[in-house]
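Quick look at run00.pdb (PDB, C-alpha atoms):
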MODEL        1
ATOM      1  CA  MET A   1      17.580  28.980  72.532
ATOM      2  CA  CYS A   2      14.119  30.476  72.967
ATOM      3  CA  VAL A   3      14.496  33.025  70.157
ATOM      4  CA  ALA A   4      15.418  30.339  67.627
ATOM      5  CA  GLU A   5      12.609  28.067  68.803
ATOM      6  CA  SER A   6      10.050  30.867  68.501
ATOM      7  CA  LEU A   7      11.184  31.389  64.888
ATOM      8  CA  GLY A   8      11.139  27.689  64.025
ATOM      9  CA  VAL A   9      14.916  27.793  63.535
ATOM     10  CA  THR A  10      16.906  24.736  64.581
ATOM     11  CA  VAL A  11      20.152  25.351  66.458
ATOM     12  CA  TRP A  12      22.613  22.899  67.978
ATOM     13  CA  LEU A  13      24.904  23.594  70.917
ATOM     14  CA  ARG A  14      28.570  23.039  70.181
ATOM     15  CA  GLY A  15      31.683  23.609  72.249
ATOM     16  CA  GLY A  16      31.787  23.546  76.025
ATOM     17  CA  TRP A  17      28.061  23.885  76.607
ATOM     18  CA  ALA A  18      27.348  20.964  74.242
ATOM     19  CA  MET A  19      29.754  18.876  76.303
ATOM     20  CA  ASP A  20      28.053  19.896  79.539
ATOM     21  CA  PHE A  21      24.579  19.134  78.172
ATOM     22  CA  PHE A  22      25.856  15.718  77.058
ATOM     23  CA  LEU A  23      27.377  15.057  80.495
ATOM     24  CA  GLY A  24      24.308  16.430  82.290
ATOM     25  CA  GLU A  25      26.233  18.876  84.454
ATOM     26  CA  ILE A  26      28.205  22.098  84.289
ATOM     27  CA  THR A  27      31.876  21.108  84.331
ATOM     28  CA  ARG A  28      33.626  24.474  83.990
ATOM     29  CA  GLU A  29      33.189  28.198  83.509
ATOM     30  CA  HIS A  30      32.008  29.278  80.047
ATOM     31  CA  GLU A  31      32.848  32.576  78.367
ATOM     32  CA  ASP A  32      30.257  32.269  75.605
ATOM     33  CA  ILE A  33      27.731  29.964  73.956
ATOM     34  CA  ASP A  34      28.619  28.327  70.652
ATOM     35  CA  TRP A  35      25.933  27.169  68.222
ATOM     36  CA  PHE A  36      25.501  25.660  64.778
ATOM     37  CA  VAL A  37      22.644  26.921  62.571
ATOM     38  CA  TRP A  38      21.746  26.396  58.916
ATOM     39  CA  ALA A  39      22.938  29.311  56.775
ATOM     40  CA  ASP A  40      19.472  29.508  55.212
ATOM     41  CA  ASP A  41      18.071  30.348  58.675
ATOM     42  CA  ALA A  42      20.736  32.908  59.596
ATOM     43  CA  GLY A  43      18.779  35.952  58.396
ATOM     44  CA  ALA A  44      15.630  35.038  60.303
ATOM     45  CA  LEU A  45      17.657  34.219  63.406
ATOM     46  CA  ALA A  46      19.593  37.502  63.225
ATOM     47  CA  GLY A  47      16.360  39.463  62.895
ATOM     48  CA  GLY A  48      14.833  37.653  65.859
ATOM     49  CA  LEU A  49      17.922  38.192  67.995
ATOM     50  CA  LEU A  50      17.962  41.916  67.185
ATOM     51  CA  ARG A  51      14.258  42.205  68.081
ATOM     52  CA  HIS A  52      15.021  40.557  71.438
ATOM     53  CA  GLY A  53      17.778  42.999  72.362
ATOM     54  CA  TYR A  54      20.855  41.138  71.103
ATOM     55  CA  GLN A  55      23.552  43.227  69.456
ATOM     56  CA  PRO A  56      25.955  42.139  66.701
ATOM     57  CA  VAL A  57      29.497  41.570  67.946
ATOM     58  CA  PRO A  58      32.360  42.699  65.751
ATOM     59  CA  GLY A  59      34.839  39.952  65.024
ATOM     60  CA  PRO A  60      34.869  37.097  62.559
ATOM     61  CA  PRO A  61      33.266  37.880  59.221
ATOM     62  CA  PRO A  62      29.543  37.076  59.508
ATOM     63  CA  ASP A  63      29.446  34.791  56.454
ATOM     64  CA  PRO A  64      30.940  31.858  58.388
ATOM     65  CA  GLN A  65      29.949  32.954  61.913
ATOM     66  CA  PRO A  66      27.735  35.844  63.021
ATOM     67  CA  ASP A  67      28.094  36.660  66.714
ATOM     68  CA  PHE A  68      25.559  38.403  68.959
ATOM     69  CA  ALA A  69      25.626  39.460  72.601
ATOM     70  CA  LYS A  70      23.074  40.331  75.237
ATOM     71  CA  ASP A  71      23.674  41.162  78.889
ATOM     72  CA  GLY A  72      27.409  40.582  78.401
ATOM     73  CA  LEU A  73      27.004  37.022  77.082
ATOM     74  CA  GLU A  74      28.245  36.325  73.565
ATOM     75  CA  ASN A  75      26.535  33.786  71.306
ATOM     76  CA  SER A  76      28.450  32.570  68.238
ATOM     77  CA  PHE A  77      26.528  30.970  65.368
ATOM     78  CA  THR A  78      28.619  28.901  62.969
ATOM     79  CA  LEU A  79      26.720  28.603  59.697
ATOM     80  CA  LEU A  80      26.117  25.221  58.091
ATOM     81  CA  GLY A  81      25.299  24.246  54.536
ATOM     82  CA  ARG A  82      25.022  21.060  52.492
ATOM     83  CA  ASP A  83      27.091  20.032  49.504
ATOM     84  CA  ALA A  84      26.009  18.127  46.389
ATOM     85  CA  ALA A  85      26.481  14.826  48.279
ATOM     86  CA  ASP A  86      24.170  16.136  51.068
ATOM     87  CA  ARG A  87      27.032  16.308  53.595
ATOM     88  CA  VAL A  88      26.982  19.020  56.258
ATOM     89  CA  VAL A  89      29.643  21.563  55.286
ATOM     90  CA  VAL A  90      31.039  24.938  56.312
ATOM     91  CA  ALA A  91      28.685  27.469  54.730
ATOM     92  CA  GLY A  92      30.963  30.458  54.186
ATOM     93  CA  GLY A  93      34.345  32.048  54.588
ATOM     94  CA  PRO A  94      37.710  30.617  53.588
ATOM     95  CA  TRP A  95      36.686  27.019  54.445
ATOM     96  CA  ALA A  96      33.329  27.119  52.624
ATOM     97  CA  GLY A  97      32.401  23.662  51.402
ATOM     98  CA  ALA A  98      34.695  21.808  53.827
ATOM     99  CA  PRO A  99      32.794  18.911  55.431
ATOM    100  CA  TRP A 100      32.045  18.764  59.126
ATOM    101  CA  PRO A 101      32.267  15.368  60.888
ATOM    102  CA  GLU A 102      29.754  12.849  59.581
ATOM    103  CA  GLY A 103      26.666  12.431  61.771
ATOM    104  CA  MET A 104      27.546  15.564  63.718
ATOM    105  CA  LEU A 105      23.915  16.667  64.081
ATOM    106  CA  ASP A 106      22.522  13.247  65.019
ATOM    107  CA  ALA A 107      22.970  13.358  68.804
ATOM    108  CA  GLY A 108      19.489  14.429  69.805
ATOM    109  CA  PRO A 109      18.995  16.542  72.905
ATOM    110  CA  GLY A 110      21.317  16.910  75.849
ATOM    111  CA  ARG A 111      20.106  17.874  79.307
ATOM    112  CA  ILE A 112      21.167  19.729  82.408
ATOM    113  CA  GLY A 113      18.505  19.421  85.065
ATOM    114  CA  GLY A 114      15.201  20.405  83.484
ATOM    115  CA  LEU A 115      16.841  22.167  80.517
ATOM    116  CA  GLN A 116      17.070  20.372  77.192
ATOM    117  CA  CYS A 117      18.844  21.441  74.013
ATOM    118  CA  ALA A 118      19.941  19.873  70.727
ATOM    119  CA  ILE A 119      23.678  19.176  70.801
ATOM    120  CA  VAL A 120      26.289  17.943  68.361
ATOM    121  CA  ARG A 121      27.398  14.330  68.778
ATOM    122  CA  PRO A 122      30.137  14.059  71.399
ATOM    123  CA  GLN A 123      32.299  12.104  68.936
ATOM    124  CA  ALA A 124      32.083  15.075  66.543
ATOM    125  CA  GLN A 125      32.930  17.432  69.413
ATOM    126  CA  ILE A 126      36.081  15.408  70.058
ATOM    127  CA  GLU A 127      37.043  15.416  66.386
ATOM    128  CA  ILE A 128      36.468  19.163  66.059
ATOM    129  CA  LYS A 129      38.480  19.935  69.199
ATOM    130  CA  ARG A 130      41.311  17.641  68.047
ATOM    131  CA  MET A 131      41.393  18.936  64.493
ATOM    132  CA  MET A 132      40.871  22.691  64.981
ATOM    133  CA  PRO A 133      44.619  23.378  65.426
ATOM    134  CA  VAL A 134      45.279  21.349  62.264
ATOM    135  CA  TRP A 135      42.491  22.969  60.249
ATOM    136  CA  ASP A 136      43.430  26.451  61.489
ATOM    137  CA  PRO A 137      47.028  26.636  62.763
ATOM    138  CA  SER A 138      46.391  30.146  64.101
ATOM    139  CA  ARG A 139      44.159  28.518  66.755
ATOM    140  CA  PRO A 140      46.378  26.313  68.953
ATOM    141  CA  ARG A 141      44.734  23.740  71.221
ATOM    142  CA  ARG A 142      43.789  25.255  74.531
ATOM    143  CA  THR A 143      44.090  23.485  77.877
ATOM    144  CA  LYS A 144      40.302  23.504  78.240
ATOM    145  CA  ASP A 145      39.966  21.714  74.875
ATOM    146  CA  ALA A 146      42.275  18.898  75.995
ATOM    147  CA  GLU A 147      40.324  18.636  79.268
ATOM    148  CA  ASP A 148      37.002  18.592  77.365
ATOM    149  CA  ILE A 149      38.285  15.790  75.101
ATOM    150  CA  ALA A 150      39.290  13.733  78.142
ATOM    151  CA  ARG A 151      35.872  14.284  79.804
ATOM    152  CA  LEU A 152      33.972  13.316  76.666
ATOM    153  CA  GLU A 153      36.105  10.231  76.004
ATOM    154  CA  ALA A 154      35.685   9.059  79.612
ATOM    155  CA  ALA A 155      31.888   9.520  79.442
ATOM    156  CA  LEU A 156      31.674   7.680  76.114
ATOM    157  CA  CYS A 157      33.760   4.823  77.532
ATOM    158  CA  VAL A 158      31.446   4.531  80.559
ATOM    159  CA  ARG A 159      28.455   4.458  78.202
ATOM    160  CA  GLY A 160      30.120   1.814  76.039
ATOM    161  CA  GLU A 161      30.434   4.119  73.036
ATOM    162  CA  ARG A 162      33.529   4.883  70.984
ATOM    163  CA  SER A 163      35.033   8.290  70.379
ATOM    164  CA  GLU A 164      35.963   7.346  66.755
TER     165      GLU A 164
ENDMDL
END
Once you've parsed the file, please lay out its structure as C-alpha cells.
Amino acid sequence: MCVAESLGVTVWLRGGWAMDFFLGEITREHEDIDWFVWADDAGALAGGLLRHGYQPVPGPPPDPQPDFAKDGLENSFTLLGRDAADRVVVAGGPWAGAPWPEGMLDAGPGRIGGLQCAIVRPQAQIEIKRMMPVWDPSRPRRTKDAEDIARLEAALCVRGERSE
C-alpha cells in the first residue's frame, strides 16, 4: 500500500489478496482488501489515508479494526500488538491479547506480476480461515474460505511445504 510505505508503516496483506499474492495470480473476485498493521502505527496510517482521500467506514469498533474506503474499495486494517512473551497478539476489542498464529508475519513478499506486497504466511492464513468460526461463532465459514484453504494447501503441497 503506497500510503503506508510513504509513511514508513509496515502492513501485511491478509485474506483473499494475501492468498492471491502467494499464488502469484488472481483466483477470484475480491470485495475488499484486508491488512494487518501494528496498533502503534494505526494513528499515522489513519492520518495518511485521510490525507489521500480515504474515508472511515462505519462498522467494527476501530480499536481492533479501523476500516477505510476510497473509490468504492474498502480496506480493513486489523491491529496487532505484542504480549509480554513478544508474541503477535490481537491489539484491541474483546479478543485483545489473544495470540495470532506463530510466525504469521514471516512470509516475506508475495507477487502478482510486477506487484509485490508483504503477506502473512499461507499456513497462518489456513489456520485463521479454519479457526475463525471457532473463535467467533457469529462468523460461519464461507464457501470462499473453504475454497481458499484448498488452494493454499494444494500450493503448499506442490512446493513441498506443510500447512501445519
| said: The residues within 6 Å of (25.9, 27.2, 65.0), using only C-alpha atoms and the coordinates of the file, should be reported as a PyMOL selection string; which are they? | reply: chain A and resi 35-37+77-79
re CA of Gly92 in chain A and CA of Asp63 in chain A: distance 5.1 Å
List as a list of chain:residue names the protein and nucleic acid residues near Phe22 in chain A, meaning an atom at most 7 Å away when all atoms listed in the file are counted, but skip any in the same chain fewer than 2 places from it.
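Using all atoms listed in the file, the neighbours found are A:Ala18, A:Met19, A:Asp20, A:Gly24, A:Gly110, A:Arg111.
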Got time to write the residues from that selection, C-alpha atoms, as a short mmCIF file (atom, residue, chain, number, x, y, z; two decimals), in the coordinates of the input?
data_model
loop_
_atom_site.label_atom_id
_atom_site.label_comp_id
_atom_site.auth_asym_id
_atom_site.auth_seq_id
_atom_site.Cartn_x
_atom_site.Cartn_y
_atom_site.Cartn_z
CA ALA A 18 27.35 20.96 74.24
CA MET A 19 29.75 18.88 76.30
CA ASP A 20 28.05 19.90 79.54
CA GLY A 24 24.31 16.43 82.29
CA GLY A 110 21.32 16.91 75.85
CA ARG A 111 20.11 17.87 79.31
#
Check your understanding: Restricting the calculation to all atoms listed in the file, which member of A:Asp136, A:Glu147, A:Glu74, A:Leu23 is positioned closest to Pro109 in chain A?
Key ->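 Closest candidate: A:Leu23.
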A straight line from CA of Leu156 in chain A to CA of Glu29 in chain A spans 21.9 Å
Suppose a student applies the PyMOL selection byres ((chain A and resi 6-17) around 10) to this structure; what residues should they get, written as a ChimeraX atom specification? /A:1-5,18-23,25-38,40-42,44-45,47-48,76-79,104-105,107-110,112,117-122,124-126,128-129,144-145,148
Completed range 77-106 of chain A (N, CA and C atoms) as a compact mmCIF listing (two decimals), in the coordinates of the input:
# COMPACT_ATOMS: atom_id res chain seq x y z
N PHE A 77 27.32 31.86 66.22
CA PHE A 77 26.53 30.97 65.37
C PHE A 77 27.34 30.59 64.13
N THR A 78 27.90 29.39 64.13
CA THR A 78 28.62 28.90 62.97
C THR A 78 27.60 28.40 61.96
N LEU A 79 27.71 28.90 60.73
CA LEU A 79 26.72 28.60 59.70
C LEU A 79 27.04 27.31 58.96
N LEU A 80 26.01 26.52 58.76
CA LEU A 80 26.12 25.22 58.09
C LEU A 80 25.41 25.24 56.75
N GLY A 81 25.94 24.46 55.83
CA GLY A 81 25.30 24.25 54.54
C GLY A 81 25.35 22.77 54.20
N ARG A 82 24.93 22.44 52.99
CA ARG A 82 25.02 21.06 52.49
C ARG A 82 25.67 21.11 51.12
N ASP A 83 26.48 20.10 50.83
CA ASP A 83 27.09 20.03 49.50
C ASP A 83 26.26 19.14 48.59
N ALA A 84 26.75 18.91 47.38
CA ALA A 84 26.01 18.13 46.39
C ALA A 84 25.77 16.69 46.85
N ALA A 85 26.64 16.18 47.74
CA ALA A 85 26.48 14.83 48.28
C ALA A 85 25.64 14.82 49.56
N ASP A 86 25.04 15.97 49.89
CA ASP A 86 24.17 16.14 51.07
C ASP A 86 24.93 16.05 52.39
N ARG A 87 26.25 16.26 52.35
CA ARG A 87 27.03 16.31 53.60
C ARG A 87 26.89 17.68 54.22
N VAL A 88 26.98 17.74 55.54
CA VAL A 88 26.98 19.02 56.26
C VAL A 88 28.37 19.64 56.08
N VAL A 89 28.38 20.89 55.60
CA VAL A 89 29.64 21.56 55.29
C VAL A 89 29.66 22.97 55.89
N VAL A 90 30.86 23.54 55.93
CA VAL A 90 31.04 24.94 56.31
C VAL A 90 30.34 25.78 55.25
N ALA A 91 29.51 26.72 55.69
CA ALA A 91 28.68 27.47 54.73
C ALA A 91 29.39 28.65 54.08
N GLY A 92 30.36 29.26 54.75
CA GLY A 92 30.96 30.46 54.19
C GLY A 92 32.37 30.67 54.68
N GLY A 93 32.99 31.71 54.17
CA GLY A 93 34.34 32.05 54.59
C GLY A 93 35.38 31.22 53.85
N PRO A 94 36.62 31.27 54.31
CA PRO A 94 37.71 30.62 53.59
C PRO A 94 37.60 29.09 53.53
N TRP A 95 36.83 28.47 54.43
CA TRP A 95 36.69 27.02 54.44
C TRP A 95 35.33 26.58 53.88
N ALA A 96 34.64 27.45 53.18
CA ALA A 96 33.33 27.12 52.62
C ALA A 96 33.41 25.82 51.83
N GLY A 97 32.46 24.93 52.10
CA GLY A 97 32.40 23.66 51.40
C GLY A 97 33.14 22.54 52.09
N ALA A 98 33.98 22.86 53.09
CA ALA A 98 34.70 21.81 53.83
C ALA A 98 33.70 21.03 54.68
N PRO A 99 33.77 19.70 54.67
CA PRO A 99 32.79 18.91 55.43
C PRO A 99 33.06 18.93 56.93
N TRP A 100 31.98 18.95 57.68
CA TRP A 100 32.04 18.76 59.13
C TRP A 100 32.00 17.26 59.38
N PRO A 101 32.30 16.81 60.61
CA PRO A 101 32.27 15.37 60.89
C PRO A 101 30.91 14.75 60.55
N GLU A 102 30.97 13.56 59.96
CA GLU A 102 29.75 12.85 59.58
C GLU A 102 28.90 12.55 60.82
N GLY A 103 27.59 12.72 60.68
CA GLY A 103 26.67 12.43 61.77
C GLY A 103 26.70 13.44 62.90
N MET A 104 27.35 14.56 62.67
CA MET A 104 27.55 15.56 63.72
C MET A 104 26.23 16.02 64.36
N LEU A 105 25.18 16.11 63.58
CA LEU A 105 23.92 16.67 64.08
C LEU A 105 22.94 15.60 64.56
N ASP A 106 23.40 14.38 64.71
CA ASP A 106 22.52 13.25 65.02
C ASP A 106 22.45 12.88 66.50
